[in-house]
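What's in input00.cif: mmCIF, C-alpha atoms; chains and numbers go by the auth columns
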```
data_target
#
loop_
_atom_site.group_PDB
_atom_site.id
_atom_site.type_symbol
_atom_site.label_atom_id
_atom_site.label_comp_id
_atom_site.label_asym_id
_atom_site.label_seq_id
_atom_site.Cartn_x
_atom_site.Cartn_y
_atom_site.Cartn_z
_atom_site.B_iso_or_equiv
_atom_site.auth_seq_id
_atom_site.auth_asym_id
ATOM 1 C CA MET A 1 20.295 -33.214 40.690 0.00 1 K
ATOM 2 C CA LYS A 2 17.303 -34.755 38.898 0.00 2 K
ATOM 3 C CA LYS A 3 18.221 -38.285 39.942 0.00 3 K
ATOM 4 C CA THR A 4 19.085 -37.233 43.493 0.00 4 K
ATOM 5 C CA TYR A 5 15.648 -35.701 44.002 0.00 5 K
ATOM 6 C CA LEU A 6 13.976 -38.731 42.531 0.00 6 K
ATOM 7 C CA LEU A 7 15.942 -41.067 44.782 0.00 7 K
ATOM 8 C CA ALA A 8 14.974 -39.149 47.863 0.00 8 K
ATOM 9 C CA ALA A 9 11.375 -38.742 46.831 0.00 9 K
ATOM 10 C CA VAL A 10 10.733 -42.324 45.935 0.00 10 K
ATOM 11 C CA ALA A 11 12.632 -43.713 48.850 0.00 11 K
ATOM 12 C CA ALA A 12 9.272 -43.844 50.511 0.00 12 K
ATOM 13 C CA PHE A 13 7.826 -45.987 47.826 0.00 13 K
ATOM 14 C CA ALA A 14 10.926 -47.904 47.163 0.00 14 K
ATOM 15 C CA LEU A 15 9.935 -51.323 48.253 0.00 15 K
ATOM 16 C CA THR A 16 6.223 -50.693 48.311 0.00 16 K
ATOM 17 C CA GLY A 17 5.482 -53.396 45.875 0.00 17 K
ATOM 18 C CA SER A 18 8.514 -55.344 46.779 0.00 18 K
ATOM 19 C CA ALA A 19 8.655 -59.036 47.059 0.00 19 K
ATOM 20 C CA PHE A 20 7.885 -58.942 50.705 0.00 20 K
ATOM 21 C CA ALA A 21 4.707 -56.954 50.274 0.00 21 K
ATOM 22 C CA GLN A 22 1.649 -59.116 50.838 0.00 22 K
ATOM 23 C CA ASP A 23 -1.485 -58.314 48.967 0.00 23 K
ATOM 24 C CA ALA A 24 -5.137 -59.148 48.660 0.00 24 K
ATOM 25 C CA VAL A 25 -6.631 -62.410 49.701 0.00 25 K
ATOM 26 C CA PRO A 26 -8.064 -64.442 46.821 0.00 26 K
ATOM 27 C CA PRO A 27 -11.849 -64.300 46.536 0.00 27 K
ATOM 28 C CA GLY A 28 -13.599 -66.656 48.925 0.00 28 K
ATOM 29 C CA GLU A 29 -10.653 -66.952 51.320 0.00 29 K
ATOM 30 C CA LYS A 30 -10.272 -65.277 54.691 0.00 30 K
ATOM 31 C CA PRO A 31 -7.199 -63.152 55.316 0.00 31 K
ATOM 32 C CA VAL A 32 -4.596 -64.851 57.478 0.00 32 K
ATOM 33 C CA ASP A 33 -4.009 -61.790 59.625 0.00 33 K
ATOM 34 C CA ALA A 34 -7.410 -60.195 59.047 0.00 34 K
ATOM 35 C CA TYR A 35 -6.175 -56.901 57.594 0.00 35 K
ATOM 36 C CA LYS A 36 -8.830 -54.612 56.235 0.00 36 K
ATOM 37 C CA GLN A 37 -8.714 -54.185 52.491 0.00 37 K
ATOM 38 C CA SER A 38 -8.848 -50.482 51.696 0.00 38 K
ATOM 39 C CA ASN A 39 -7.589 -47.930 49.200 0.00 39 K
ATOM 40 C CA ALA A 40 -6.063 -46.201 52.228 0.00 40 K
ATOM 41 C CA ASN A 41 -3.510 -49.020 52.251 0.00 41 K
ATOM 42 C CA ALA A 42 -2.013 -47.560 49.053 0.00 42 K
ATOM 43 C CA GLY A 43 -0.262 -45.034 51.269 0.00 43 K
ATOM 44 C CA ALA A 44 -1.374 -41.893 49.453 0.00 44 K
ATOM 45 C CA THR A 45 -4.486 -40.127 48.287 0.00 45 K
ATOM 46 C CA PRO A 46 -5.194 -40.174 44.561 0.00 46 K
ATOM 47 C CA MET A 47 -4.259 -37.257 42.337 0.00 47 K
ATOM 48 C CA THR A 48 -7.076 -35.200 40.916 0.00 48 K
ATOM 49 C CA ASP A 49 -5.162 -33.841 37.912 0.00 49 K
ATOM 50 C CA THR A 50 -5.889 -36.251 35.053 0.00 50 K
ATOM 51 C CA LYS A 51 -2.945 -34.824 33.107 0.00 51 K
ATOM 52 C CA VAL A 52 -0.518 -36.746 35.318 0.00 52 K
ATOM 53 C CA PHE A 53 -2.312 -40.047 34.669 0.00 53 K
ATOM 54 C CA GLU A 54 -2.256 -39.220 30.962 0.00 54 K
ATOM 55 C CA ALA A 55 1.480 -38.436 31.139 0.00 55 K
ATOM 56 C CA PHE A 56 1.974 -42.022 32.352 0.00 56 K
ATOM 57 C CA HIS A 57 0.070 -43.169 29.236 0.00 57 K
ATOM 58 C CA GLY A 58 -2.864 -44.428 31.259 0.00 58 K
ATOM 59 C CA LYS A 59 -3.250 -47.962 32.538 0.00 59 K
ATOM 60 C CA ALA A 60 -1.290 -49.431 29.638 0.00 60 K
ATOM 61 C CA GLY A 61 1.685 -47.198 30.452 0.00 61 K
ATOM 62 C CA ILE A 62 1.484 -48.066 34.145 0.00 62 K
ATOM 63 C CA ASP A 63 1.428 -51.750 33.207 0.00 63 K
ATOM 64 C CA ARG A 64 4.597 -51.356 31.120 0.00 64 K
ATOM 65 C CA ILE A 65 6.347 -49.346 33.848 0.00 65 K
ATOM 66 C CA VAL A 66 5.569 -51.947 36.510 0.00 66 K
ATOM 67 C CA GLU A 67 6.577 -54.840 34.259 0.00 67 K
ATOM 68 C CA THR A 68 9.941 -53.217 33.538 0.00 68 K
ATOM 69 C CA MET A 69 10.577 -52.184 37.127 0.00 69 K
ATOM 70 C CA VAL A 70 9.685 -55.557 38.655 0.00 70 K
ATOM 71 C CA GLU A 71 11.781 -57.496 36.156 0.00 71 K
ATOM 72 C CA ARG A 72 14.737 -55.237 36.942 0.00 72 K
ATOM 73 C CA ASN A 73 14.178 -55.653 40.694 0.00 73 K
ATOM 74 C CA PHE A 74 14.209 -59.445 40.373 0.00 74 K
ATOM 75 C CA ALA A 75 17.488 -59.275 38.418 0.00 75 K
ATOM 76 C CA ASP A 76 19.213 -56.455 40.350 0.00 76 K
ATOM 77 C CA PRO A 77 22.051 -57.958 42.421 0.00 77 K
ATOM 78 C CA ARG A 78 21.606 -55.217 45.023 0.00 78 K
ATOM 79 C CA ILE A 79 18.019 -56.185 45.901 0.00 79 K
ATOM 80 C CA LYS A 80 17.118 -59.436 44.157 0.00 80 K
ATOM 81 C CA ASP A 81 17.285 -61.379 47.435 0.00 81 K
ATOM 82 C CA PHE A 82 14.295 -59.406 48.725 0.00 82 K
ATOM 83 C CA PHE A 83 12.317 -60.699 45.761 0.00 83 K
ATOM 84 C CA ALA A 84 13.513 -64.308 45.662 0.00 84 K
ATOM 85 C CA ALA A 85 10.434 -65.743 47.373 0.00 85 K
ATOM 86 C CA ALA A 86 7.960 -63.261 45.946 0.00 86 K
ATOM 87 C CA ASP A 87 4.853 -64.062 43.981 0.00 87 K
ATOM 88 C CA LYS A 88 5.804 -62.029 40.920 0.00 88 K
ATOM 89 C CA VAL A 89 2.311 -62.068 39.417 0.00 89 K
ATOM 90 C CA ARG A 90 0.729 -60.795 42.635 0.00 90 K
ATOM 91 C CA LEU A 91 3.465 -58.211 43.109 0.00 91 K
ATOM 92 C CA LYS A 92 2.959 -56.794 39.641 0.00 92 K
ATOM 93 C CA ARG A 93 -0.809 -56.711 40.097 0.00 93 K
ATOM 94 C CA THR A 94 -0.715 -54.805 43.373 0.00 94 K
ATOM 95 C CA LEU A 95 1.917 -52.341 42.145 0.00 95 K
ATOM 96 C CA LYS A 96 -0.185 -51.638 39.064 0.00 96 K
ATOM 97 C CA GLU A 97 -3.203 -51.100 41.309 0.00 97 K
ATOM 98 C CA GLN A 98 -1.254 -48.830 43.644 0.00 98 K
ATOM 99 C CA PHE A 99 0.193 -46.657 40.885 0.00 99 K
ATOM 100 C CA CYS A 100 -3.124 -46.468 39.044 0.00 100 K
ATOM 101 C CA TYR A 101 -4.965 -45.535 42.242 0.00 101 K
ATOM 102 C CA ILE A 102 -2.435 -42.869 43.252 0.00 102 K
ATOM 103 C CA LEU A 103 -2.295 -41.424 39.734 0.00 103 K
ATOM 104 C CA GLY A 104 -6.083 -41.009 39.765 0.00 104 K
ATOM 105 C CA GLY A 105 -6.752 -43.701 37.188 0.00 105 K
ATOM 106 C CA GLY A 106 -9.858 -45.024 38.898 0.00 106 K
ATOM 107 C CA CYS A 107 -8.349 -48.272 40.168 0.00 107 K
ATOM 108 C CA ASP A 108 -8.726 -49.799 43.618 0.00 108 K
ATOM 109 C CA TYR A 109 -5.747 -50.977 45.669 0.00 109 K
ATOM 110 C CA THR A 110 -6.213 -54.429 47.182 0.00 110 K
ATOM 111 C CA GLY A 111 -2.886 -54.840 48.965 0.00 111 K
ATOM 112 C CA LYS A 112 -1.861 -54.415 52.560 0.00 112 K
ATOM 113 C CA ASP A 113 -0.632 -51.190 54.082 0.00 113 K
ATOM 114 C CA MET A 114 3.072 -50.417 53.712 0.00 114 K
ATOM 115 C CA LYS A 115 4.023 -50.828 57.372 0.00 115 K
ATOM 116 C CA SER A 116 2.675 -54.348 57.801 0.00 116 K
ATOM 117 C CA SER A 117 3.763 -55.364 54.299 0.00 117 K
ATOM 118 C CA HIS A 118 7.392 -54.571 55.029 0.00 118 K
ATOM 119 C CA LYS A 119 7.591 -55.463 58.720 0.00 119 K
ATOM 120 C CA ASP A 120 10.783 -57.229 59.800 0.00 120 K
ATOM 121 C CA GLN A 121 12.352 -57.106 56.354 0.00 121 K
ATOM 122 C CA GLY A 122 15.338 -55.005 57.415 0.00 122 K
ATOM 123 C CA THR A 123 14.945 -52.633 54.503 0.00 123 K
ATOM 124 C CA THR A 124 17.572 -49.893 54.298 0.00 124 K
ATOM 125 C CA ASN A 125 17.670 -46.612 52.415 0.00 125 K
ATOM 126 C CA ARG A 126 20.262 -48.209 50.129 0.00 126 K
ATOM 127 C CA ASP A 127 17.772 -50.960 49.223 0.00 127 K
ATOM 128 C CA MET A 128 15.097 -48.391 48.540 0.00 128 K
ATOM 129 C CA ASN A 129 17.427 -46.303 46.396 0.00 129 K
ATOM 130 C CA ALA A 130 18.159 -49.332 44.200 0.00 130 K
ATOM 131 C CA LEU A 131 14.461 -49.934 43.686 0.00 131 K
ATOM 132 C CA ILE A 132 13.863 -46.262 42.960 0.00 132 K
ATOM 133 C CA GLU A 133 16.566 -46.301 40.324 0.00 133 K
ATOM 134 C CA ASN A 134 14.729 -49.200 38.682 0.00 134 K
ATOM 135 C CA LEU A 135 11.455 -47.278 38.824 0.00 135 K
ATOM 136 C CA GLN A 136 13.126 -44.220 37.294 0.00 136 K
ATOM 137 C CA PHE A 137 14.543 -46.346 34.506 0.00 137 K
ATOM 138 C CA ALA A 138 11.075 -47.759 33.795 0.00 138 K
ATOM 139 C CA MET A 139 9.411 -44.329 33.808 0.00 139 K
ATOM 140 C CA ASP A 140 12.136 -42.932 31.521 0.00 140 K
ATOM 141 C CA LYS A 141 11.743 -45.910 29.183 0.00 141 K
ATOM 142 C CA GLU A 142 7.985 -45.222 29.027 0.00 142 K
ATOM 143 C CA GLY A 143 8.685 -41.571 28.195 0.00 143 K
ATOM 144 C CA VAL A 144 7.025 -40.134 31.294 0.00 144 K
ATOM 145 C CA PRO A 145 8.024 -36.469 31.598 0.00 145 K
ATOM 146 C CA PHE A 146 10.245 -35.573 34.537 0.00 146 K
ATOM 147 C CA ALA A 147 7.605 -33.304 36.125 0.00 147 K
ATOM 148 C CA ALA A 148 5.016 -36.113 36.072 0.00 148 K
ATOM 149 C CA GLN A 149 7.557 -38.565 37.524 0.00 149 K
ATOM 150 C CA ASN A 150 8.188 -36.162 40.388 0.00 150 K
ATOM 151 C CA LYS A 151 4.477 -35.889 41.133 0.00 151 K
ATOM 152 C CA LEU A 152 4.211 -39.644 41.613 0.00 152 K
ATOM 153 C CA LEU A 153 7.431 -39.753 43.607 0.00 153 K
ATOM 154 C CA ALA A 154 6.206 -36.974 45.877 0.00 154 K
ATOM 155 C CA LYS A 155 3.081 -39.029 46.633 0.00 155 K
ATOM 156 C CA LEU A 156 5.183 -42.112 47.390 0.00 156 K
ATOM 157 C CA ALA A 157 7.925 -40.420 49.426 0.00 157 K
ATOM 158 C CA PRO A 158 6.106 -40.255 52.799 0.00 158 K
ATOM 159 C CA GLN A 159 5.894 -44.048 52.815 0.00 159 K
ATOM 160 C CA GLN A 160 9.604 -44.298 53.600 0.00 160 K
ATOM 161 C CA LYS A 161 8.905 -44.071 57.327 0.00 161 K
ATOM 162 C CA ASP A 162 6.774 -47.214 57.102 0.00 162 K
ATOM 163 C CA ILE A 163 9.236 -49.198 54.995 0.00 163 K
ATOM 164 C CA VAL A 164 12.819 -48.460 56.043 0.00 164 K
ATOM 165 C CA GLU A 165 13.718 -50.265 59.253 0.00 165 K
ATOM 166 C CA ARG A 166 17.436 -49.741 59.610 0.00 166 K
#
```

Spit out the file's structure as structure tokens when you get a sec.
Amino acid sequence: MKKTYLLAAVAAFALTGSAFAQDAVPPGEKPVDAYKQSNANAGATPMTDTKVFEAFHGKAGIDRIVETMVERNFADPRIKDFFAAADKVRLKRTLKEQFCYILGGGCDYTGKDMKSSHKDQGTTNRDMNALIENLQFAMDKEGVPFAAQNKLLAKLAPQQKDIVER
């Protein structure tokens, strides 16, 4: 039951930081499609309860979670093709920003919104579930309590409508 809830909840996030997500424009360059950089692009408002951020072991814990999750996504035969052309460094950076922002860690999110980031990728619920499993593994490995995991997943879940296309 625990894993089922997590899969459904994070399905929204699932490919948020996926390989096909585009992020911030390097300093001094103009955006190709002129999107507006905004924390609103993170897809959720930040939490106000600092205990959740602490349960993720702060920025260092978020960094470890993202590193583990992204490496698993790149190796996962179910979804690795989505990540084949991705800029892994950029992907990790924007996922760390997104998680830190949503968890109330005081970070800014510099990536695109979820809908435009995942447009025309053909993402399915099955793809998202694979990514969510990798996120769960990473959070478990970091020792994030189940209740804190669910709070992040609940924030990410509404993004599913902007990511899944088929």

- Message: Just to confirm, what's the straight-line distance from CA of Asn125 (chain K) to CA of Lys88 (chain K) in Å (one decimal)?
- Response: 22.6 Å

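Straight-line separation from CA of Ala85 (chain K) to CA of Phe56 (chain K): 29.3 Å.
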
- Query: What lies within 8 Å of Ile62 (chain K) using only C-alpha atoms, ignoring chain neighbours under 5 positions off, as a list in words?
  - Reply: Phe56, His57, Lys96, Phe99 and Cys100 of chain K

Dump as a PDB file, in the frame of the given file, selection limited to C-alpha atoms:
```
ATOM      1  CA  PHE K  56       1.974 -42.022  32.352  1.00  0.00           C
ATOM      2  CA  HIS K  57       0.070 -43.169  29.236  1.00  0.00           C
ATOM      3  CA  LYS K  96      -0.185 -51.638  39.064  1.00  0.00           C
ATOM      4  CA  PHE K  99       0.193 -46.657  40.885  1.00  0.00           C
ATOM      5  CA  CYS K 100      -3.124 -46.468  39.044  1.00  0.00           C
TER       6      CYS K 100
END
```

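Using all atoms listed in the file, the contacts of Val144 (chain K) at a cut-off of 12 Å, with sequence neighbours closer than 5 positions omitted, comprise Lys51, Val52, Phe53, Glu54, Ala55, Phe56, His57, Gly58, Gly61, Ile62, Arg64, Ile65, Leu135, Gln136, Phe137, Ala138, Met139, Gln149, Asn150, Lys151 and Leu152 of chain K.
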
Would you compute the box with edges along x, y and z of the file around region 83-89 of chain K, including every atom the file lists for it and 5 Å extra on each side, and give its centre and edge lengths in Å to one decimal, as AutoDock Vina command-line options?
```
--center_x 7.9 --center_y -63.2 --center_z 43.4 --size_x 21.2 --size_y 15.0 --size_z 18.0
```

- What is the CA of Tyr101 (chain K)-CA of Asp49 (chain K) distance in Å, reported with one decimal? 12.5 Å

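Distance annotation: of K:Asp76, K:Gly106, K:Lys112, K:Asp81, the residue with the minimal separation from Asn129 (chain K) is K:Asp76; atom set is all atoms listed in the file.
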
- Note on the structure: For Lys59 (chain K), the closest of K:Met47, K:Cys107, K:Ala75, K:Ala86 counting all atoms listed in the file is K:Cys107

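Residue nearest Ile132 (chain K) within the list K:Ala44, K:Leu103, K:Thr110, K:Ala157: K:Ala157 [criterion: smallest interatomic distance, all atoms listed in the file].
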
Mind rebuilding region 126-160 of chain K with N, CA and C atoms and writing that out as a compact mmCIF listing (two decimals), keeping the file's coordinate frame?
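Below you can see result_2.txt, which holds the result:
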```txt
# COMPACT_ATOMS: atom_id res chain seq x y z
N ARG K 126 19.51 -47.74 51.30
CA ARG K 126 20.26 -48.21 50.13
C ARG K 126 19.40 -49.15 49.28
N ASP K 127 18.67 -50.05 49.95
CA ASP K 127 17.77 -50.96 49.22
C ASP K 127 16.70 -50.17 48.47
N MET K 128 16.15 -49.20 49.15
CA MET K 128 15.10 -48.39 48.54
C MET K 128 15.64 -47.61 47.36
N ASN K 129 16.84 -47.06 47.50
CA ASN K 129 17.43 -46.30 46.40
C ASN K 129 17.61 -47.17 45.16
N ALA K 130 18.00 -48.42 45.34
CA ALA K 130 18.16 -49.33 44.20
C ALA K 130 16.82 -49.54 43.50
N LEU K 131 15.78 -49.74 44.28
CA LEU K 131 14.46 -49.93 43.69
C LEU K 131 13.99 -48.67 42.97
N ILE K 132 14.26 -47.53 43.56
CA ILE K 132 13.86 -46.26 42.96
C ILE K 132 14.57 -46.05 41.63
N GLU K 133 15.84 -46.41 41.59
CA GLU K 133 16.57 -46.30 40.32
C GLU K 133 15.89 -47.16 39.25
N ASN K 134 15.42 -48.33 39.64
CA ASN K 134 14.73 -49.20 38.68
C ASN K 134 13.39 -48.60 38.25
N LEU K 135 12.70 -47.96 39.18
CA LEU K 135 11.46 -47.28 38.82
C LEU K 135 11.74 -46.12 37.88
N GLN K 136 12.77 -45.34 38.17
CA GLN K 136 13.13 -44.22 37.29
C GLN K 136 13.45 -44.71 35.89
N PHE K 137 14.20 -45.77 35.81
CA PHE K 137 14.54 -46.35 34.51
C PHE K 137 13.26 -46.69 33.74
N ALA K 138 12.33 -47.34 34.43
CA ALA K 138 11.08 -47.76 33.80
C ALA K 138 10.24 -46.55 33.35
N MET K 139 10.17 -45.52 34.18
CA MET K 139 9.41 -44.33 33.81
C MET K 139 10.08 -43.62 32.63
N ASP K 140 11.41 -43.54 32.65
CA ASP K 140 12.14 -42.93 31.52
C ASP K 140 11.90 -43.72 30.24
N LYS K 141 11.96 -45.05 30.34
CA LYS K 141 11.74 -45.91 29.18
C LYS K 141 10.35 -45.70 28.60
N GLU K 142 9.36 -45.46 29.47
CA GLU K 142 7.98 -45.22 29.03
C GLU K 142 7.80 -43.81 28.48
N GLY K 143 8.78 -42.94 28.69
CA GLY K 143 8.68 -41.57 28.20
C GLY K 143 7.85 -40.66 29.08
N VAL K 144 7.76 -40.98 30.36
CA VAL K 144 7.02 -40.13 31.29
C VAL K 144 7.85 -38.88 31.56
N PRO K 145 7.29 -37.71 31.35
CA PRO K 145 8.02 -36.47 31.60
C PRO K 145 8.49 -36.36 33.05
N PHE K 146 9.63 -35.73 33.22
CA PHE K 146 10.24 -35.57 34.54
C PHE K 146 9.27 -34.97 35.55
N ALA K 147 8.54 -33.95 35.18
CA ALA K 147 7.60 -33.30 36.12
C ALA K 147 6.53 -34.29 36.59
N ALA K 148 6.03 -35.12 35.70
CA ALA K 148 5.02 -36.11 36.07
C ALA K 148 5.63 -37.19 36.97
N GLN K 149 6.86 -37.60 36.66
CA GLN K 149 7.56 -38.56 37.52
C GLN K 149 7.65 -38.02 38.95
N ASN K 150 8.03 -36.77 39.06
CA ASN K 150 8.19 -36.16 40.39
C ASN K 150 6.87 -36.09 41.15
N LYS K 151 5.78 -35.93 40.45
CA LYS K 151 4.48 -35.89 41.13
C LYS K 151 4.14 -37.25 41.75
N LEU K 152 4.43 -38.32 41.03
CA LEU K 152 4.21 -39.64 41.61
C LEU K 152 5.17 -39.87 42.77
N LEU K 153 6.43 -39.54 42.57
CA LEU K 153 7.43 -39.75 43.61
C LEU K 153 7.11 -38.97 44.88
N ALA K 154 6.58 -37.78 44.71
CA ALA K 154 6.21 -36.97 45.88
C ALA K 154 5.07 -37.64 46.66
N LYS K 155 4.17 -38.30 45.96
CA LYS K 155 3.08 -39.03 46.63
C LYS K 155 3.61 -40.26 47.37
N LEU K 156 4.63 -40.89 46.81
CA LEU K 156 5.18 -42.11 47.39
C LEU K 156 6.17 -41.85 48.52
N ALA K 157 6.84 -40.71 48.49
CA ALA K 157 7.92 -40.42 49.43
C ALA K 157 7.57 -40.57 50.91
N PRO K 158 6.42 -40.13 51.37
CA PRO K 158 6.11 -40.26 52.80
C PRO K 158 6.04 -41.70 53.30
N GLN K 159 5.97 -42.65 52.41
CA GLN K 159 5.89 -44.05 52.82
C GLN K 159 7.23 -44.58 53.36
N GLN K 160 8.29 -43.85 53.15
CA GLN K 160 9.60 -44.30 53.60
C GLN K 160 9.59 -44.64 55.09
```
